[in-house]
There are 2 protein chains.
Amino acid sequence: MTDKIWTRPTKMKSKIEIPLKMKDVLREQIFGGSLLPLQKLPSERDLSDLFSITRISVKDALASLETEGLIYKENRRGWFVSPPRVEYNPLSRSHFHQMVTEQQRIAETQLINISTIMAPSHYAKALALTELTEIHVIERLRFIDGRAVLFVENCLISHFFPNIILENLTQSLTTLYQTKYDFTTSRSRFDVIPAAAPAHVAKALNISPGQQILKICRVNYNQHAQIIDCEFEYWRPDAVMISIDSIEHS
Amino acid sequence: MTDKIWTRPTKMKSKIEIPLKMKDVLREQIFGGSLLPLQKLPSERDLSDLFSITRISVKDALASLETEGLIYKENRRGWFVSPPRVEYNPLSRSHFHQMVTEQQRIAETQLINISTIMAPSHYAKALALTELTEIHVIERLRFIDGRAVLFVENCLISHFFPNIILENLTQSLTTLYQTKYDFTTSRSRFDVIPAAAPAHVAKALNISPGQQILKICRVNYNQHAQIIDCEFEYWRPDAVMISIDSIEHS
DNA sequence: TCCATCCTTTGGACTAGTTCAGTGAGTTCA
DNA sequence: TGAACTCACTGAACTAGTCCAAAGGATGGA
């Protein structure tokens, strides 16, 4: 029994020890390297047999390890060991691919959808639009080491970016802004919010709708202090760590 | 039936509609103002009777609303409606009380514990200490509108702050640094990580150990580019929204 | 070789209960 | 008056199952 390493506020009854033990065993195997990143755990049914507890208790224990950021699940596929978090500075405007590569990880981007619409209210608000304005909405899915970790919606005010939808949109938009439209980002404003995954995001990231994600809303200004686009990022919460240093902006 | 407003990827079976309905009803009552911030929801048993579903389904539905940031729970006390999030800029070094007051909310701080110890490894790492160094650890609990939302651990390198433990430590430490020790914060570095609440934090915030929280680790440098302290903040995830603007630091 | 179809495995979403332990209001009693 | 005690109510943590639907591998025919 490894229960001794647990400090509980009250005296224990034997019943509750078993799921704690399962958490301990899995945690130890993950930290000890017996279970490697991206490796699949046994199925919930198998774990329930292995530890002689019900599937509900198994699910509770797994959800708890998920909150710790040690494991993650994919819809109807199973549970997997989380790779280390990437460090992300939303102010730096460094490209996703550059950032990931610098951390010895492999980045990929997949274009999900492009649409050109009149800005609905939540986009209009983020872009500080007072009248009906046409925007491009670019939805992309981003992968680290083959795992989908980030769903991004970019909303560009279309008159700033003629014909952008004809470009290769799996590359960095920042680079595209600079090379093709001569816009540099002079100012960024962003919010970080722990939230629940909306249905379309959950589907793309292959998680259950309503699961916890980290939402980042960013607004970018060009060198003329105009808002040119905004961005909604939805991160798998175990995949990322926001990291900011004030010295980089002073 | 209000089920129609839900878009589900697949056709529904009648069974699964009831917990969705419960979520809908509660959400509507919260947005509609029938349930006010800080108000207590009916007990899980009552909800289970009201909607004729089992307590496990009730718990699932409530956990889902919790992830959305609409409700929160207190250990063995019940579920409550979440007040709006406060906007927090970790770079600004504005005082907690000042920040909260500016947003028309009421702030309080409670001193939990002070200890003076030789820095254990995780603190030593954050403070970039290479040798055994004495630090003060100040644990404080912060309230908004009477609700405990933030647990803070401040670790000060003690030789920078003689006799600080004799001061009133429910006030802003930044102010204390400035007025009493002539230190101004010239640089801050911080990480934001979705994490699970450690036991001592869970106890102070009155949440279950292992529940999701937002962890912010901050390191502060004085005007001589020395690291003088670091800070570990643990926020209830529904209480806060990180909000940063690059223009404030350029 | 390719592609549709079946079939097993997986998690998702439930039902119907039980026991345990902290909270807090109300009561008792020195 | 005030501290200690009681007790109902609360969520916490379980047991023991059921049925459903998506995912993906195996199968088999054109």
# chains A, B, ... in the order shown; residues from 1 in each chain; ligands from 1
>>> interface_residues(of="chain D", to="chain A", cutoff="8 Å", atoms="only C-alpha atoms (C1' of nucleotides)", output="PyMOL selection string")
chain D and resi 13-16+22-23
>>> closest_atom_pairs(of="chain C", to="chain B", cutoff="10 Å", atoms="only C-alpha atoms (C1' of nucleotides)", output="Markdown table")
| residue | atom | partner | partner_atom | distance |
| --- | --- | --- | --- | --- |
| C:DA13 | C1' | B:Ile16 | CA | 6.7 |
| C:DC14 | C1' | B:Lys15 | CA | 7.4 |
| C:DT15 | C1' | B:Thr54 | CA | 6.8 |
| C:DA16 | C1' | B:Thr54 | CA | 7.6 |
| C:DG17 | C1' | B:Thr54 | CA | 9.6 |
| C:DA21 | C1' | B:Arg76 | CA | 9.0 |
| C:DG22 | C1' | B:Arg76 | CA | 6.3 |
| C:DT23 | C1' | B:Arg77 | CA | 6.6 |
| C:DG24 | C1' | B:Arg77 | CA | 9.3 |
>>> residues_around(residues="stretch 36-41 of chain A", least_positions_apart="2", cutoff="7 Å", atoms="only C-alpha atoms (C1' of nucleotides)", output="VMD selection string")
chain A and resid 30 33 to 34 43 78 to 83
>>> write_last_selection(atoms="C-alpha atoms", output="PDB file, in the first residue's frame")
ATOM      1  CA  ILE A  30       4.069   8.678 -15.544  1.00  0.00           C
ATOM      2  CA  GLY A  33       8.793   6.924 -17.187  1.00  0.00           C
ATOM      3  CA  SER A  34       6.947   3.591 -17.357  1.00  0.00           C
ATOM      4  CA  SER A  43      -9.337   1.332 -21.039  1.00  0.00           C
ATOM      5  CA  GLY A  78      -9.146   6.603 -24.722  1.00  0.00           C
ATOM      6  CA  TRP A  79      -6.816   8.275 -22.266  1.00  0.00           C
ATOM      7  CA  PHE A  80      -3.235   9.260 -23.059  1.00  0.00           C
ATOM      8  CA  VAL A  81      -0.216  10.607 -21.209  1.00  0.00           C
ATOM      9  CA  SER A  82       0.282  14.366 -21.701  1.00  0.00           C
ATOM     10  CA  PRO A  83       3.567  15.566 -23.209  1.00  0.00           C
TER      11      PRO A  83
END
>>> interface_residues(of="chain A", to="chain B", cutoff="8 Å", atoms="only C-alpha atoms", output="PyMOL selection string")
chain A and resi 64+67-69+91+187-196+210-212+214+237-238+240-247+249-250
>>> write_last_selection(atoms="N, CA and C atoms", output="short mmCIF file (atom, residue, chain, number, x, y, z; two decimals), in the first residue's frame")
data_model
loop_
_atom_site.label_atom_id
_atom_site.label_comp_id
_atom_site.auth_asym_id
_atom_site.auth_seq_id
_atom_site.Cartn_x
_atom_site.Cartn_y
_atom_site.Cartn_z
N SER A 64 -9.34 13.60 -12.36
CA SER A 64 -8.49 14.31 -11.42
C SER A 64 -7.06 14.42 -11.95
N THR A 67 -6.98 17.04 -14.59
CA THR A 67 -6.89 18.39 -14.03
C THR A 67 -5.46 18.74 -13.64
N GLU A 68 -4.74 17.74 -13.18
CA GLU A 68 -3.32 17.96 -12.86
C GLU A 68 -2.48 18.18 -14.10
N GLY A 69 -3.05 17.89 -15.26
CA GLY A 69 -2.31 18.08 -16.51
C GLY A 69 -1.43 16.89 -16.88
N LEU A 91 2.35 37.92 -26.11
CA LEU A 91 2.76 39.27 -26.51
C LEU A 91 3.81 39.24 -27.61
N ARG A 187 0.97 46.80 -31.38
CA ARG A 187 0.37 46.69 -30.05
C ARG A 187 -0.55 45.48 -30.04
N SER A 188 -0.51 44.72 -28.95
CA SER A 188 -1.43 43.59 -28.77
C SER A 188 -2.12 43.73 -27.42
N ARG A 189 -3.34 43.33 -27.41
CA ARG A 189 -4.08 43.29 -26.16
C ARG A 189 -4.69 41.91 -26.08
N PHE A 190 -4.60 41.25 -24.93
CA PHE A 190 -5.22 39.92 -24.87
C PHE A 190 -5.75 39.59 -23.50
N ASP A 191 -6.74 38.71 -23.51
CA ASP A 191 -7.35 38.20 -22.29
C ASP A 191 -7.15 36.69 -22.24
N VAL A 192 -6.90 36.18 -21.04
CA VAL A 192 -6.80 34.73 -20.84
C VAL A 192 -7.93 34.32 -19.91
N ILE A 193 -8.75 33.37 -20.34
CA ILE A 193 -9.92 32.97 -19.58
C ILE A 193 -10.03 31.46 -19.52
N PRO A 194 -10.10 30.87 -18.32
CA PRO A 194 -10.43 29.45 -18.22
C PRO A 194 -11.90 29.29 -18.60
N ALA A 195 -12.20 28.47 -19.58
CA ALA A 195 -13.57 28.40 -20.08
C ALA A 195 -13.91 26.98 -20.50
N ALA A 196 -15.13 26.81 -21.01
CA ALA A 196 -15.57 25.52 -21.51
C ALA A 196 -15.51 25.55 -23.04
N GLY A 210 -17.92 21.19 -23.77
CA GLY A 210 -18.05 21.60 -22.38
C GLY A 210 -16.85 21.30 -21.54
N GLN A 211 -15.87 20.62 -22.11
CA GLN A 211 -14.66 20.34 -21.33
C GLN A 211 -13.86 21.62 -21.14
N GLN A 212 -13.07 21.63 -20.08
CA GLN A 212 -12.28 22.82 -19.76
C GLN A 212 -11.21 23.08 -20.82
N LEU A 214 -8.40 26.52 -22.25
CA LEU A 214 -7.88 27.85 -21.94
C LEU A 214 -8.13 28.72 -23.16
N PRO A 237 -5.88 22.49 -22.05
CA PRO A 237 -5.27 23.15 -20.89
C PRO A 237 -3.97 22.50 -20.41
N ASP A 238 -3.74 21.25 -20.76
CA ASP A 238 -2.51 20.59 -20.31
C ASP A 238 -1.35 20.84 -21.27
N VAL A 240 -0.22 23.81 -22.55
CA VAL A 240 0.38 25.13 -22.65
C VAL A 240 0.61 25.77 -21.29
N MET A 241 1.54 26.70 -21.28
CA MET A 241 1.85 27.50 -20.10
C MET A 241 2.12 28.90 -20.64
N ILE A 242 1.34 29.86 -20.18
CA ILE A 242 1.54 31.23 -20.61
C ILE A 242 2.75 31.79 -19.87
N SER A 243 3.66 32.40 -20.59
CA SER A 243 4.90 32.84 -19.97
C SER A 243 5.25 34.23 -20.48
N ILE A 244 5.29 35.21 -19.58
CA ILE A 244 5.46 36.59 -20.00
C ILE A 244 6.54 37.27 -19.18
N ASP A 245 7.36 38.05 -19.86
CA ASP A 245 8.43 38.80 -19.19
C ASP A 245 8.31 40.25 -19.59
N SER A 246 8.16 41.14 -18.57
CA SER A 246 7.93 42.55 -18.88
C SER A 246 9.12 43.19 -19.57
N ILE A 247 10.30 42.61 -19.40
CA ILE A 247 11.51 43.24 -19.95
C ILE A 247 11.51 43.20 -21.47
N HIS A 249 9.25 44.06 -23.36
CA HIS A 249 8.40 45.08 -23.97
C HIS A 249 8.75 46.47 -23.48
N SER A 250 9.86 46.62 -22.79
CA SER A 250 10.16 47.95 -22.26
C SER A 250 11.36 48.55 -22.96
#
>>> atom_distance(atom1="atom CA of B:Ile228", atom2="atom CA of B:Leu176")
13.0 Å
>>> atom_distance(atom1="atom CA of A:Ala202", atom2="atom CA of B:Gly32")
26.4 Å
>>> residues_around(residues="B:Ser172", least_positions_apart="5", cutoff="8 Å", atoms="only C-alpha atoms (C1' of nucleotides)", output="list in words")
His95, Phe96 and His97 of chain B
>>> write_last_selection(atoms="N, CA and C atoms", output="PDB file, in the first residue's frame")
ATOM      1  N   HIS B  95      -2.032  47.250  -6.896  1.00  0.00           N
ATOM      2  CA  HIS B  95      -2.398  46.506  -5.712  1.00  0.00           C
ATOM      3  C   HIS B  95      -3.702  45.780  -5.935  1.00  0.00           C
ATOM      4  N   PHE B  96      -3.809  44.646  -5.298  1.00  0.00           N
ATOM      5  CA  PHE B  96      -5.043  43.867  -5.345  1.00  0.00           C
ATOM      6  C   PHE B  96      -6.237  44.715  -4.930  1.00  0.00           C
ATOM      7  N   HIS B  97      -6.100  45.420  -3.811  1.00  0.00           N
ATOM      8  CA  HIS B  97      -7.216  46.217  -3.302  1.00  0.00           C
ATOM      9  C   HIS B  97      -7.596  47.318  -4.282  1.00  0.00           C
TER      10      HIS B  97
END
>>> residues_around(residues="stretch 115-132 of chain A", least_positions_apart="2", cutoff="12 Å", atoms="only C-alpha atoms (C1' of nucleotides)", output="PDB file with N, CA and C atoms, in the first residue's frame")
ATOM      1  N   LEU A 111      -5.714  23.921 -42.092  1.00  0.00           N
ATOM      2  CA  LEU A 111      -6.787  24.882 -42.333  1.00  0.00           C
ATOM      3  C   LEU A 111      -8.121  24.156 -42.238  1.00  0.00           C
ATOM      4  N   ILE A 112      -9.010  24.669 -41.392  1.00  0.00           N
ATOM      5  CA  ILE A 112     -10.301  24.003 -41.200  1.00  0.00           C
ATOM      6  C   ILE A 112     -11.366  24.643 -42.070  1.00  0.00           C
ATOM      7  N   ASN A 113     -11.374  25.965 -42.089  1.00  0.00           N
ATOM      8  CA  ASN A 113     -12.469  26.660 -42.781  1.00  0.00           C
ATOM      9  C   ASN A 113     -12.139  28.142 -42.973  1.00  0.00           C
ATOM     10  N   GLU A 134     -17.375  43.889 -43.217  1.00  0.00           N
ATOM     11  CA  GLU A 134     -17.097  42.539 -43.704  1.00  0.00           C
ATOM     12  C   GLU A 134     -15.801  42.030 -43.085  1.00  0.00           C
ATOM     13  N   ILE A 135     -15.823  40.801 -42.630  1.00  0.00           N
ATOM     14  CA  ILE A 135     -14.605  40.196 -42.078  1.00  0.00           C
ATOM     15  C   ILE A 135     -14.368  38.817 -42.693  1.00  0.00           C
ATOM     16  N   HIS A 136     -13.093  38.420 -42.693  1.00  0.00           N
ATOM     17  CA  HIS A 136     -12.746  37.041 -43.013  1.00  0.00           C
ATOM     18  C   HIS A 136     -12.566  36.288 -41.707  1.00  0.00           C
ATOM     19  N   VAL A 137     -13.145  35.117 -41.615  1.00  0.00           N
ATOM     20  CA  VAL A 137     -12.917  34.265 -40.455  1.00  0.00           C
ATOM     21  C   VAL A 137     -12.133  33.039 -40.911  1.00  0.00           C
ATOM     22  N   ILE A 138     -10.944  32.896 -40.367  1.00  0.00           N
ATOM     23  CA  ILE A 138     -10.081  31.771 -40.721  1.00  0.00           C
ATOM     24  C   ILE A 138      -9.982  30.847 -39.524  1.00  0.00           C
ATOM     25  N   GLU A 139     -10.429  29.610 -39.686  1.00  0.00           N
ATOM     26  CA  GLU A 139     -10.355  28.639 -38.598  1.00  0.00           C
ATOM     27  C   GLU A 139      -9.238  27.652 -38.893  1.00  0.00           C
ATOM     28  N   ARG A 140      -8.334  27.525 -37.926  1.00  0.00           N
ATOM     29  CA  ARG A 140      -7.208  26.612 -38.124  1.00  0.00           C
ATOM     30  C   ARG A 140      -6.994  25.730 -36.906  1.00  0.00           C
ATOM     31  N   GLU A 153      -9.291  30.854 -34.231  1.00  0.00           N
ATOM     32  CA  GLU A 153     -10.158  31.610 -35.137  1.00  0.00           C
ATOM     33  C   GLU A 153      -9.538  32.980 -35.340  1.00  0.00           C
ATOM     34  N   ASN A 154      -9.158  33.308 -36.571  1.00  0.00           N
ATOM     35  CA  ASN A 154      -8.677  34.658 -36.866  1.00  0.00           C
ATOM     36  C   ASN A 154      -9.766  35.436 -37.585  1.00  0.00           C
ATOM     37  N   CYS A 155     -10.020  36.647 -37.124  1.00  0.00           N
ATOM     38  CA  CYS A 155     -11.012  37.497 -37.768  1.00  0.00           C
ATOM     39  C   CYS A 155     -10.310  38.715 -38.319  1.00  0.00           C
ATOM     40  N   LEU A 156     -10.239  38.815 -39.636  1.00  0.00           N
ATOM     41  CA  LEU A 156      -9.550  39.946 -40.244  1.00  0.00           C
ATOM     42  C   LEU A 156     -10.565  40.893 -40.849  1.00  0.00           C
ATOM     43  N   ILE A 157     -10.360  42.183 -40.658  1.00  0.00           N
ATOM     44  CA  ILE A 157     -11.216  43.164 -41.310  1.00  0.00           C
ATOM     45  C   ILE A 157     -10.850  43.131 -42.791  1.00  0.00           C
ATOM     46  N   SER A 158     -11.787  42.756 -43.650  1.00  0.00           N
ATOM     47  CA  SER A 158     -11.392  42.324 -45.000  1.00  0.00           C
ATOM     48  C   SER A 158     -10.792  43.442 -45.846  1.00  0.00           C
ATOM     49  N   HIS A 159     -11.230  44.698 -45.652  1.00  0.00           N
ATOM     50  CA  HIS A 159     -10.691  45.726 -46.545  1.00  0.00           C
ATOM     51  C   HIS A 159      -9.210  46.010 -46.309  1.00  0.00           C
ATOM     52  N   PHE A 161      -7.128  43.532 -46.072  1.00  0.00           N
ATOM     53  CA  PHE A 161      -6.400  42.378 -46.606  1.00  0.00           C
ATOM     54  C   PHE A 161      -6.999  41.863 -47.915  1.00  0.00           C
ATOM     55  N   PRO A 162      -6.925  42.648 -48.999  1.00  0.00           N
ATOM     56  CA  PRO A 162      -7.497  42.174 -50.260  1.00  0.00           C
ATOM     57  C   PRO A 162      -6.844  40.868 -50.714  1.00  0.00           C
ATOM     58  N   ASN A 163      -7.671  39.938 -51.118  1.00  0.00           N
ATOM     59  CA  ASN A 163      -7.220  38.652 -51.693  1.00  0.00           C
ATOM     60  C   ASN A 163      -6.419  37.760 -50.740  1.00  0.00           C
ATOM     61  N   ILE A 164      -6.528  38.026 -49.458  1.00  0.00           N
ATOM     62  CA  ILE A 164      -5.720  37.186 -48.553  1.00  0.00           C
ATOM     63  C   ILE A 164      -6.183  35.737 -48.580  1.00  0.00           C
ATOM     64  N   ILE A 165      -7.451  35.526 -48.882  1.00  0.00           N
ATOM     65  CA  ILE A 165      -7.950  34.142 -48.836  1.00  0.00           C
ATOM     66  C   ILE A 165      -7.391  33.279 -49.959  1.00  0.00           C
ATOM     67  N   ARG A 189      -3.336  43.325 -27.413  1.00  0.00           N
ATOM     68  CA  ARG A 189      -4.082  43.292 -26.157  1.00  0.00           C
ATOM     69  C   ARG A 189      -4.689  41.906 -26.079  1.00  0.00           C
ATOM     70  N   PHE A 190      -4.599  41.254 -24.934  1.00  0.00           N
ATOM     71  CA  PHE A 190      -5.218  39.924 -24.873  1.00  0.00           C
ATOM     72  C   PHE A 190      -5.752  39.587 -23.501  1.00  0.00           C
ATOM     73  N   ASP A 191      -6.736  38.710 -23.506  1.00  0.00           N
ATOM     74  CA  ASP A 191      -7.350  38.195 -22.292  1.00  0.00           C
ATOM     75  C   ASP A 191      -7.149  36.686 -22.238  1.00  0.00           C
ATOM     76  N   CYS A 217      -8.173  35.559 -26.028  1.00  0.00           N
ATOM     77  CA  CYS A 217      -8.715  36.480 -27.021  1.00  0.00           C
ATOM     78  C   CYS A 217      -7.694  37.573 -27.251  1.00  0.00           C
ATOM     79  N   ARG A 218      -7.268  37.734 -28.489  1.00  0.00           N
ATOM     80  CA  ARG A 218      -6.235  38.727 -28.757  1.00  0.00           C
ATOM     81  C   ARG A 218      -6.693  39.716 -29.814  1.00  0.00           C
ATOM     82  N   VAL A 219      -6.334  40.979 -29.605  1.00  0.00           N
ATOM     83  CA  VAL A 219      -6.618  42.025 -30.576  1.00  0.00           C
ATOM     84  C   VAL A 219      -5.296  42.650 -30.990  1.00  0.00           C
ATOM     85  N   ASN A 220      -5.075  42.786 -32.289  1.00  0.00           N
ATOM     86  CA  ASN A 220      -3.810  43.322 -32.788  1.00  0.00           C
ATOM     87  C   ASN A 220      -3.997  44.675 -33.482  1.00  0.00           C
ATOM     88  N   TYR A 221      -3.058  45.566 -33.227  1.00  0.00           N
ATOM     89  CA  TYR A 221      -3.075  46.894 -33.836  1.00  0.00           C
ATOM     90  C   TYR A 221      -1.894  47.002 -34.792  1.00  0.00           C
ATOM     91  N   GLN A 226      -4.336  51.118 -35.808  1.00  0.00           N
ATOM     92  CA  GLN A 226      -5.654  50.628 -36.212  1.00  0.00           C
ATOM     93  C   GLN A 226      -5.786  49.161 -35.801  1.00  0.00           C
ATOM     94  N   ILE A 227      -6.977  48.778 -35.347  1.00  0.00           N
ATOM     95  CA  ILE A 227      -7.230  47.357 -35.105  1.00  0.00           C
ATOM     96  C   ILE A 227      -7.377  46.681 -36.465  1.00  0.00           C
ATOM     97  N   ILE A 228      -6.535  45.695 -36.741  1.00  0.00           N
ATOM     98  CA  ILE A 228      -6.640  45.035 -38.047  1.00  0.00           C
ATOM     99  C   ILE A 228      -7.202  43.621 -37.953  1.00  0.00           C
ATOM    100  N   ASP A 229      -6.998  42.977 -36.832  1.00  0.00           N
ATOM    101  CA  ASP A 229      -7.593  41.642 -36.685  1.00  0.00           C
ATOM    102  C   ASP A 229      -7.694  41.265 -35.220  1.00  0.00           C
ATOM    103  N   CYS A 230      -8.484  40.240 -34.942  1.00  0.00           N
ATOM    104  CA  CYS A 230      -8.515  39.663 -33.617  1.00  0.00           C
ATOM    105  C   CYS A 230      -8.460  38.165 -33.762  1.00  0.00           C
ATOM    106  N   GLU A 231      -8.174  37.524 -32.642  1.00  0.00           N
ATOM    107  CA  GLU A 231      -7.893  36.098 -32.702  1.00  0.00           C
ATOM    108  C   GLU A 231      -8.469  35.441 -31.459  1.00  0.00           C
ATOM    109  N   PHE A 232      -9.132  34.306 -31.627  1.00  0.00           N
ATOM    110  CA  PHE A 232      -9.611  33.533 -30.493  1.00  0.00           C
ATOM    111  C   PHE A 232      -8.872  32.204 -30.484  1.00  0.00           C
TER     112      PHE A 232
END
>>> atom_distance(atom1="atom CA of B:Tyr234", atom2="atom CA of B:Phe151")
5.1 Å
>>> select_by_dssp(residues="stretch 29-226 of chain A", states="helix (DSSP H, G or I)", output="ChimeraX atom specification")
/A:29-32,44-50,55-67,96-102,121-126,158-160,164-166,173-181,199-205
